[in-house]
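Notes follow once the structure below has been shown.
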Amino acid sequence: MAAAVQSMVAATYVRDIDSSRGFYELLGFREDAAGTADTSAWSYLYHNGHFVLLAYTEPPLGVPPVPLLFYFFYDDLDSVVGTVRAAGVEAVHMGHPPHALGGEVKVLDPDGNTVLLGQRERSPSQPEAAGDERAPHFSLLKEAAAAVAAHGGTTAACQVSNLYGVACQEKADIKLADSGGETAWACLAHADEILMSVPGAFIASQDNQGIAAFLSRRR
């Protein structure tokens with residue numbers, strides 16, 4: 001019989017413990033424990049059975065912002081968005097996708113990472129959603145491609161061929177990898193196809209040379 005998971009802690013490195021703690025407190029979390037040392041600090045936040053661990057180290061780790069940090073579902077999205085906006089944090093409504101019929105909102109944490117807030121079902125007090133076909137639905141692939149472009153982009157072409165073996169003519173937008181160590185540059189359409197059909201495929205950093213490069217530095 002497989003062991004049962006009792007809880008999960010989401011952890012992230014931050015540049016400023018106080019600023020990040022304040023941000024997550026807007027989302028309903030409260031500090032349960034904390035600690036400091038000469039070159040590090042941490043804050044353990046809790047909310048309704050869920051945990052977030054904020055960690056800081058000096059000098060700061062070179063961790064680049066990622067397309068998506070956390071996704072939080074709420075039973076009253078309008079309430080938490082009101083709290084966030086009252087504190088001066090920009091909150092962009094992303095529409096009503098199938099997994100968040102009560103709405104989906106994008107905010108940025110103090111380190112510039114994307115945090116999505118959603119509500120699974122529409123509340124009786126919420127008006128019927130309209131015009132969602134024009135709403136800027138969040139796309140992890142598009143966010144990752146934007147991060148690549150912000151770092152200078154790539155001159156590579158999409159390395160994926162169609163079912164007839166004809167090479168794709170689109171410019172590559174994003175680098176993908178799998179647990180076997182294979183990598184490929186792909187356009188957004190083919191990247192989406194790979195992520196949907198290849199087990200273990202994930203979005204990779206364009207300048208990450210992997211474990212081999214890490215080990216070579218230790219020799």
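Residues in the structure tokens are numbered from 1 in each chain, the chains being A, B, ... in the order shown, and ligands are numbered from 1 in the order shown.
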
**Q.** Contacts of Asp109 of chain A at 12 Å (only C-alpha atoms; same-chain gap of 3+ positions) as a ChimeraX atom specification
**A.** /A:12-17,19-27,54,65-70,84,89-91,106,112-116

So that I have them on file, write out the residues from the current selection with N, CA and C atoms, as a compact mmCIF listing (two decimals), in the first residue's frame.
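The resulting file, selection-v2.txt, is reproduced below:
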# COMPACT_ATOMS: atom_id res chain seq x y z
N THR A 12 9.43 29.00 -2.08
CA THR A 12 10.03 29.87 -3.08
C THR A 12 11.08 30.76 -2.44
N TYR A 13 12.17 31.02 -3.16
CA TYR A 13 13.18 31.97 -2.70
C TYR A 13 12.74 33.38 -3.06
N VAL A 14 12.98 34.31 -2.14
CA VAL A 14 12.55 35.70 -2.34
C VAL A 14 13.72 36.64 -2.05
N ARG A 15 13.58 37.87 -2.52
CA ARG A 15 14.63 38.87 -2.30
C ARG A 15 14.43 39.65 -1.01
N ASP A 16 13.18 39.68 -0.53
CA ASP A 16 12.88 40.45 0.68
C ASP A 16 11.76 39.73 1.43
N ILE A 17 12.10 39.16 2.58
CA ILE A 17 11.14 38.38 3.36
C ILE A 17 9.93 39.23 3.75
N SER A 19 8.60 42.01 2.42
CA SER A 19 7.72 42.36 1.31
C SER A 19 6.91 41.15 0.84
N SER A 20 7.59 40.01 0.74
CA SER A 20 6.89 38.80 0.28
C SER A 20 5.87 38.33 1.30
N ARG A 21 6.21 38.41 2.58
CA ARG A 21 5.25 38.03 3.62
C ARG A 21 3.99 38.91 3.52
N GLY A 22 4.20 40.19 3.35
CA GLY A 22 3.08 41.11 3.22
C GLY A 22 2.20 40.78 2.03
N PHE A 23 2.81 40.39 0.92
CA PHE A 23 2.04 40.02 -0.27
C PHE A 23 1.16 38.80 -0.01
N TYR A 24 1.74 37.75 0.57
CA TYR A 24 0.97 36.53 0.80
C TYR A 24 -0.06 36.70 1.93
N GLU A 25 0.18 37.64 2.81
CA GLU A 25 -0.84 37.95 3.81
C GLU A 25 -2.07 38.56 3.15
N LEU A 26 -1.88 39.30 2.05
CA LEU A 26 -3.03 39.82 1.31
C LEU A 26 -3.88 38.69 0.74
N LEU A 27 -3.24 37.54 0.49
CA LEU A 27 -3.94 36.39 -0.06
C LEU A 27 -4.53 35.50 1.03
N LEU A 54 8.67 30.87 2.54
CA LEU A 54 9.48 31.89 1.91
C LEU A 54 10.90 31.76 2.45
N PRO A 65 12.78 34.84 -12.54
CA PRO A 65 11.33 34.72 -12.43
C PRO A 65 10.81 33.62 -13.35
N VAL A 66 9.85 32.85 -12.90
CA VAL A 66 9.28 31.78 -13.70
C VAL A 66 7.91 32.21 -14.21
N PRO A 67 7.42 31.58 -15.29
CA PRO A 67 6.13 32.01 -15.84
C PRO A 67 4.98 31.89 -14.85
N LEU A 68 5.00 30.88 -14.00
CA LEU A 68 3.92 30.69 -13.04
C LEU A 68 4.51 30.19 -11.74
N LEU A 69 4.20 30.86 -10.66
CA LEU A 69 4.72 30.45 -9.36
C LEU A 69 3.70 29.59 -8.63
N PHE A 70 2.53 30.15 -8.29
CA PHE A 70 1.48 29.42 -7.59
C PHE A 70 0.13 29.69 -8.25
N VAL A 84 -6.49 42.73 -2.48
CA VAL A 84 -5.24 42.92 -3.21
C VAL A 84 -5.19 44.30 -3.86
N VAL A 89 -1.90 46.56 -5.37
CA VAL A 89 -1.36 45.52 -6.24
C VAL A 89 -2.25 45.39 -7.48
N GLU A 90 -1.65 45.44 -8.64
CA GLU A 90 -2.42 45.30 -9.88
C GLU A 90 -2.94 43.87 -10.01
N ALA A 91 -4.22 43.72 -10.30
CA ALA A 91 -4.84 42.42 -10.49
C ALA A 91 -5.56 42.44 -11.84
N LYS A 106 -4.82 37.41 -12.48
CA LYS A 106 -3.36 37.33 -12.46
C LYS A 106 -2.79 38.48 -11.65
N GLY A 112 8.26 39.52 -9.04
CA GLY A 112 7.87 39.55 -10.44
C GLY A 112 7.33 38.25 -10.97
N ASN A 113 7.11 37.26 -10.11
CA ASN A 113 6.56 35.99 -10.55
C ASN A 113 5.04 36.06 -10.65
N THR A 114 4.49 35.31 -11.57
CA THR A 114 3.05 35.28 -11.77
C THR A 114 2.38 34.39 -10.74
N VAL A 115 1.33 34.89 -10.13
CA VAL A 115 0.49 34.12 -9.23
C VAL A 115 -0.94 34.22 -9.75
N LEU A 116 -1.59 33.09 -9.96
CA LEU A 116 -2.96 33.10 -10.45
C LEU A 116 -3.92 32.79 -9.31

Q: Run DSSP on the backbone and grab whatever in segment 14-191 of chain A lands in alpha helix (DSSP H); send it over as a ChimeraX atom specification.
A: /A:17-26,77-86,140-150,188-191

Q: Mind listing the strand (DSSP E or B) residues of segment 80-178 of chain A, per DSSP on the backbone, as number ranges by chain?
A: A: 92-95, 103-108, 114-119, 157, 161, 167, 171, 174-177

Q) With distances taken over only C-alpha atoms, which of A:Val92, A:Ile174, A:Ala55, A:Cys168 is nearest to Ala150 of chain A? A) A:Ile174

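Proximity to Leu77 of chain A was assessed for A:Pro98, A:Pro110, A:Gly103, A:Gly200 counting only C-alpha atoms; the smallest distance is recorded for A:Gly103.
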
Q: Extract, using only C-alpha atoms, all DNA, RNA and protein residues at most 9 Å from Ser123 of chain A, discarding same-chain residues fewer than 4 positions from it, and format them as a list of chain:residue names.
A: A:Asp75, A:Asp76, A:Leu101, A:Gly102, A:Gln119, A:Pro127

Q. Which residues come within 12 Å of Pro199 of chain A, counting only C-alpha atoms, excluding same-chain residues fewer than 6 positions away, as an MDAnalysis selection string?
A. chainID A and resid 177:180 193

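Note that the spacing between atom CA of Gln6 of chain A and atom CA of Arg120 of chain A amounts to 23.3 Å.
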